[in-house]
Structures are given as C-alpha cells and as structure tokens.
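Each remark here refers to the structure printed beneath this line.
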Amino acid sequence: MSVEQQEIAQYVCMQAPFSLLDSSAYEYFVNHLDIIYLTRENQTQWLQSENPKLFLIRSGLYDLVDAKGDVVTRLAQGDYFGFPSLLTGEAIQNRLAVQKEGIVYMLSQTHFDFLRREYKSFEQYFVRAHANRLLSSHYKSKNDSWSERKISELMARTAITLAPDASIRQSAKKMKQHGVSSIMITQHAHLVGVVTDRDLRNRVLADEVNPQDAVSSIMTAKPKFIFENNRVFSALHLMLKHNIHHLPVLDENHKPIGMITSTDLLRQQKSDPVQLIGRIYKAHTITDLKRYAKEIPELLRGFSYNIDDISLIGKLLSGLTDALTSRLIHLFQEEHGAAPTSFSFICFGSQAREEQTLHSDQDNGLLLPNDLSTDQQAYFKSMGKFVCENLVECGIRRCPGNIMASSDECRMSVNDWSERFFRWIKSPTPDAMLNCKIFFDLRFIEGSNALYTAFCEQLIRISRNDLFYAAMATDISSNSVPIGLFNKFKTEKTDENNKYIDLKKRGVVIINDIVRLYALKAGIKRANTQERLEALLKHKLLSKEDIYNLKDCWRFLTQLRLSTQINEEGLPSNCINPNKLNSLERHQLKEAFYLVKQAQQAAAFKFARGSL
C-alpha cells in the first residue's frame with residue numbers, strides 16, 4: 001500500500017462494519033475505491049440509477065433528499081449512502097444536497113457485491129442499515145396517516161383545570177376565558193372529574209342549580225381518559241364506545257396535560273373502519289351486527305392499501321371485535337334485564353394484545369364477584385353463551401381450546417381466577433406454561449373496570465416467582481427460529497410440496513413470549529407487545545438496542561404475515577413462501593430471525609441463571 005492508502009486504511013478500519021471484519025476486508029475496500037471531492041457543482045452527477053455506488057463520507061456535510069423534497073437524513077463523517085440501490089437493484093429515488101463540501105470514498109457495484117459474498121457481517125450491516133432507513137422514513141411520513149399519530153401531536157392547548165371546591169360560575173368563566181368547551185377538575189394534580197358545556201346546560205340551567213354550588217356537584221366523576229402516547233385510533237375507539245365527546249389526556253404519571261375532543265379527532269380522518277365501529281356500537285339488533293360484520297374482510301383489504309404500517313390492522317380488527325362484544329353484552333341486557341351484580345367481560349391472547357388477524361379466534365371470559373347466588377350464576381352463563389355464539393355468527397371463530405365466556409372454566413369469580421393463576425405459577429408444567437401464554441395477555445372490554453383492576457393487582461403480586469420466570473424462559477427457548485446451517489431457511493411443506501415458514505409460530509409468537517416475560521417481571525400491566533416494549537424503556541431489564549430490535553422485528557414479521565393473509569396466497573394461515581420474497585426481503589427476514597434467536601438466548605440465560 002502507498003502512504004496515502006495506508007492513511008485511508010487507518011480511517012476505514014475504524015468504521016463499521018470494517019471494524020468488525022478481518023483486515024483483508026478493508027484492504028480490499030481501500031484497493032478498489034475511488035476518491036471524489038463532492039461539491040454543490042458536481043453533486044448531481046454521482047447518484048445515478050444506471051451506475052449505483054457505495055459512498056463513505058470522509059469529510060463534509062450532506063442532506064439526502066427524497067422525491068418530495070423532504071430531507072431523509074443528514075450525512076456526515078463516517079456515514080454511508082447509495083447502498084439501498086446496490087442491495088435492491090431498484091432505481092435511485094433520492095438526491096444529494098451538499099451543505100459543506102468534502103471528501104467521499106466511492107466503491108462500485110462489482111466490488112460491493114464481492115464484499116457481500118465474502119463477508120457475511122458486511123452484508124448484514126447494510127441490510128440492517130437499509131431496514132433502519134426505511135423505518136426512519138416511515139416514522140417521518142406516518143404523520144400523514146391519522147391512525148398513526150400520537151394524541152400529543154394533536155394537542156394545541158395545555159390543560160385547563162379547576163379545583164373541585166370552585167364554584168360552577170367560576171368554571172363557566174374559565175371556560176369562556178380560554179375559549180374551551182370543557183374543563184378538567186383536579187385535586188392534588190390528579191384528575192377527578194370533567195365538566196363540559198353540555199353539563200352546564202343540562203345539569204345547571206335545565207335543573208336550576210345554584211351557580212355558587214361547588215363544581216364537583218355537577219362534574220362527571222372518574223371520567224374516561226387516554227395517555228398522551230396513545231394513537232388517534234385508540235382515542236376514537238374509546239369515544240365511540242362510551243359515546244363521549246371530551247377526553248382528558250394524561251402523561252405517564254397520570255397528570256393531566258390537556259383535553260382532546262371528538263371534533264379534533266374527526267378532522268383527522270374520514271375512515272370507513274372507524275365509521276363501521278360507530279355503527280356497531282349503535283346497532284339495535286343482532287341482524288344489524290351480523291350485516292356490519294360481513295363488511296369487515298373487504299374493509300380491511302381496502303384499509304391495508306391506505307396505511308403505511310399494515311400491522312395497524314391488528315389494532316383495527318381487535319377494535320371491531322371489542323365493539324361487537326360490547327354491543328352484544330348490551331343487547332343481552334336489553335333482553336334479559338340489567339346484570340344482577342358487577343362483572344368484567346375480559347379478553348385474552350391476540351385480542352387482548354390488539355394484534356388480531358383475519359384468522360384469529362375467540363379468547364374471552366367473565367370475571368365475577370365472589371359468592372354469587374345460583375340465579376346470578378345462571379344469568380352470566382346465559383350472557384357468556386349469548387355473546388360467544390353470536391360472535392361466531394359475526395365471523396369471529398370459536399376457540400378450539402374453548403377459552404370462551406360460554407365455558408364454565410372461563411366464567412369464574414375473582415378468587416377462582418386468582419387460584420387458577422396461582423396453580424400455574426406455583427407448578428409451571430408445560431400445560432401451565434401454555435395457559436400462561438394465553439391468559440397472561442388480558443384486557444378489559446365491558447362491565448366493571450374496578451373489578452378488573454383489583455384482579456390485575458392480585459395477578460402482579462402472585463406472579464412474582466423466580467421459578468415461574470425461569471420456567472417461562474426455558475419454554476420460550478424450546479421454540480426455534482427457522483434458520484439452519486449456513487444461514488439457510490428451514491421450511492416445511494404442504495401436501496402439494498409448497499415450501500413455507502410459519503411466521504406466527506416461528507417468529508411473532510416467540511417475540512410475544514419474550515416481551516411478556518420481561519413485562520411480567522417489570523410489573524407492566526399493558527398487553528400490547530409494542531406498548532410493553534415502549535414501557536420497558538423505563539426499566540433496566542433490556543437495553544434500548546435490544547428493545548428497538550424487537551420492535552422492528554415484530555413489525556416486520558407482522559407485516560409479512562398480514563400481507564400474506566390479505567392477499568390469500570394459498571398457504572396455511574400465517575405462513576409465507578420465502579422463495580417468493582425479493583432478495584432484500586429474504587435478507588431482512590433472516591436478520592429478523594437472527595435477532596429473535598439472540599433475544600431468546602439472552603432471556604434463557606438471564607432468567608434461568610436468576611441474574612435479574
């Protein structure tokens with residue numbers, strides 16, 4: 001090597017992925033690169049579709065700009081660009097904008113392909129970099145999709161609050177002063193109630209209440225609320241379900257930060273799925289529900305073409321199932337009278353995680369008070385049967401394992417449910433582990449939220465058992481990812497000898513199991529896998545890198561799985577033929593399975609060794 005090449009080699013060997021490879025890799029790079037001085041005058045000539053190259057920045061500052069004129073990312077010393085077209089063979093979509101001139105090293109397609117073939121880590125690095133670039137672009141553009149936006153992004157105002165002992169007149173004056181139609185009533189910085197302009201009309205003027213009375217006398221106590229990081233779709237669903245128009249927004253510490261209205265949200269969307277949920281909640285008969293339910297499959301196909309993140313379909317499907325379930329409970333009570341005591345209708349599994357697919361079946365149950373009379377038990381048995389049988393009529397399949405509120409084993413008192421969980425935790429047999437995978441993902445649908453909350457508190461207490469965590473980690477390790485020797489896919493075959501991989505069993509389920517294990521250890525009450533991972537960022541059980549890897553892997557595998565279902569490719573449900581993927585998708589799939597396998601091994605080591 002010349003002196004100049006030696007100096008370049010010293011720089012290149014410090015950059016990933018060369019810092020992880022043998023010296024022969026960066027020596028090859030140095031021996032075959034070209035050096036350019038990139039300026040505003042020559043910037044347009046280098047990103048050309050007919051001659052793609054890999055670029056490594058030595059100095060300078062550059063913006064990568066997409067076809068819309070938006071900056072995809074800013075590039076500086078040590079950054080690469082040009083690799084997406086080298087990996088995919090697709091035309092170059094972006095252009096370069098020089099902010100500060102500098103030196104850039106350039107490698108041709110031929111030499112890039114040589115390094116891909118010879119050094120697996122080199123290829124994995126750029127496949128992962130491309131996946132991260134795609135995700136970054138998705139996160140930049142998803143604000144265009146109403147369903148993806150966070151509630152906090154729609155809020156223009158801070159919280160308008162008042163103490164419960166303030167007068168009704170003071171609340172009206174404050175609402176007028178700030179030009180709002182509602183106000184939050186707080187005590188010790190925590191939400192205790194809400195007053196709206198409708199309350200002032202109906203509860204004060206219409207009833208001739210003294211305006212000097214305390215505002216607490218007319219407020220809606222213990223109102224529904226939503227957290228700032230929840231999505232617009234979740235807020236719409238909550239408003240439609242409970243027929244409310246003002247929804248307080250809280251931070252993660254349950255402190256009020258603002259109010260969002262149905263008008264705010266409806267400006268963001270004109271979506272048929274949300275309108276369908278609204279029609280379901282207002283249905284007057286079973287016949288109406290069945291008619292609306294028939295619209296769901298075609299509606300989902302159309303919805304999938306209009307969103308960036310197809311995994312949102314899981315949330316939408318679960319929302320539709322929630323709506324059908326809730327409305328059936330109300331229709332039952334209209335026919336048989338109000339429930340004789342409090343109850344909580346709950347769901348498990350994929351519905352609880354809000355990750356349903358077109359092939360998901362029912363997983364639900366009834367949580368009841370202790371010491372019910374025979375007549376009360378008979379009432380809820382009829383309710384469970386009514387709801388589950390009509391869900392089948394609406395297209396939500398019967399659970400093969402009979403995990404449904406129509407079953408005596410899924411319609412129990414708080415004490416009986418707690419005892420059941422305690423037996424599984426105390427004696428973690430394989431059957432017990434299988435039950436825990438289903439039942440430890442649970443979510444409230446309808447009835448008494450207080451009863452459900454009390455039950456969840458019991459579950460957190462009884463699940464603190466290191467033997468139980470170790471057994472769960474061991475069970476997770478028994479399910480292998482479909483990657484064999486020489487990084488080849490391990491496929492199964494249909495009767496017609498079509499090859500396939502079960503993305504649910506061999507990928508998504510493993511991630512769900514790993515995340516559930518860490519969430520239980522951390523005492524996280526949420527069931528949704530992505531929300532559990534987000535909550536785990538505040539704990540020290542997993543590194544940020546591991547959390548982000550699991551989030552990206554889950555999203556990628558879920559999108560492949562749902563795309564296969566929607567397009568009906570003739571394989572078993574949840575399955576995909578890897579040979580039908582393009583080269584980059586196959587690389588991404590292998591990378592996802594590799595990261596899942598790493599997470600499996602880490603969980604087994606941590607929990608089996610009792611290091612947490």
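By order in the structure tokens, chains are A, B, ...; within a chain, residues start at 1; ligands start at 1, following the order shown.
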Quick one: DSSP strand (DSSP E) residues in region 356-502 of chain A, as number ranges by chain?
A: 364-368, 411-413, 442-447, 492-493, 499-502
Can you tell me, as a PyMOL selection string, what residues are no more than 12 Å from Gln588 (chain A) when counting only C-alpha atoms, ignoring any on the same chain fewer than 5 positions away?
chain A and resi 87-88+123-132+134+552-553+555-557+560+578+581-583+593-595
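Closest approach to His190 (chain A) among A:Leu250, A:Ala91, A:Met106, A:Leu115: A:Leu250, based on only C-alpha atoms.
For region 482-518 of chain A, the set of residues given alpha helix (DSSP H) by DSSP on the backbone reads Leu503, Val509, Ile510, Ile511, Asn512, Asp513, Ile514, Val515, Arg516, Leu517 and Tyr518 of chain A.
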Write the residues of the selection above to a file with N, CA, C and O atoms, as a short mmCIF file (atom, residue, chain, number, x, y, z; two decimals), in the first residue's frame.
```cif
data_model
loop_
_atom_site.label_atom_id
_atom_site.label_comp_id
_atom_site.auth_asym_id
_atom_site.auth_seq_id
_atom_site.Cartn_x
_atom_site.Cartn_y
_atom_site.Cartn_z
N LEU A 503 -44.76 -17.82 10.07
CA LEU A 503 -44.27 -16.58 10.67
C LEU A 503 -44.81 -16.36 12.07
O LEU A 503 -44.15 -15.72 12.90
N VAL A 509 -44.80 -15.23 17.66
CA VAL A 509 -45.11 -15.81 18.97
C VAL A 509 -43.90 -15.77 19.89
O VAL A 509 -44.03 -15.48 21.09
N ILE A 510 -42.73 -16.04 19.35
CA ILE A 510 -41.52 -16.03 20.18
C ILE A 510 -41.27 -14.62 20.74
O ILE A 510 -40.95 -14.45 21.91
N ILE A 511 -41.42 -13.61 19.87
CA ILE A 511 -41.25 -12.23 20.34
C ILE A 511 -42.29 -11.91 21.40
O ILE A 511 -41.97 -11.34 22.46
N ASN A 512 -43.55 -12.26 21.16
CA ASN A 512 -44.60 -12.02 22.15
C ASN A 512 -44.26 -12.66 23.48
O ASN A 512 -44.46 -12.06 24.55
N ASP A 513 -43.75 -13.90 23.42
CA ASP A 513 -43.41 -14.63 24.66
C ASP A 513 -42.27 -13.95 25.41
O ASP A 513 -42.30 -13.82 26.65
N ILE A 514 -41.25 -13.53 24.67
CA ILE A 514 -40.10 -12.86 25.30
C ILE A 514 -40.54 -11.56 25.96
O ILE A 514 -40.21 -11.28 27.11
N VAL A 515 -41.32 -10.77 25.23
CA VAL A 515 -41.75 -9.46 25.75
C VAL A 515 -42.68 -9.64 26.94
O VAL A 515 -42.61 -8.90 27.92
N ARG A 516 -43.57 -10.64 26.88
CA ARG A 516 -44.46 -10.91 28.01
C ARG A 516 -43.66 -11.24 29.27
O ARG A 516 -43.97 -10.78 30.38
N LEU A 517 -42.61 -12.06 29.11
CA LEU A 517 -41.76 -12.44 30.24
C LEU A 517 -41.15 -11.21 30.92
O LEU A 517 -41.24 -11.04 32.15
N TYR A 518 -40.56 -10.33 30.14
CA TYR A 518 -39.95 -9.12 30.70
C TYR A 518 -41.01 -8.18 31.28
O TYR A 518 -40.78 -7.54 32.32
#
```
Mind pulling up the distance from CA of Ala97 (chain A) to CA of Thr44 (chain A)?
8.3 Å
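Of the listed residues (A:Ala608, A:Ile257, A:Leu320, A:Ile226), A:Ile226 comes nearest to Met239 (chain A); the distances count only C-alpha atoms.
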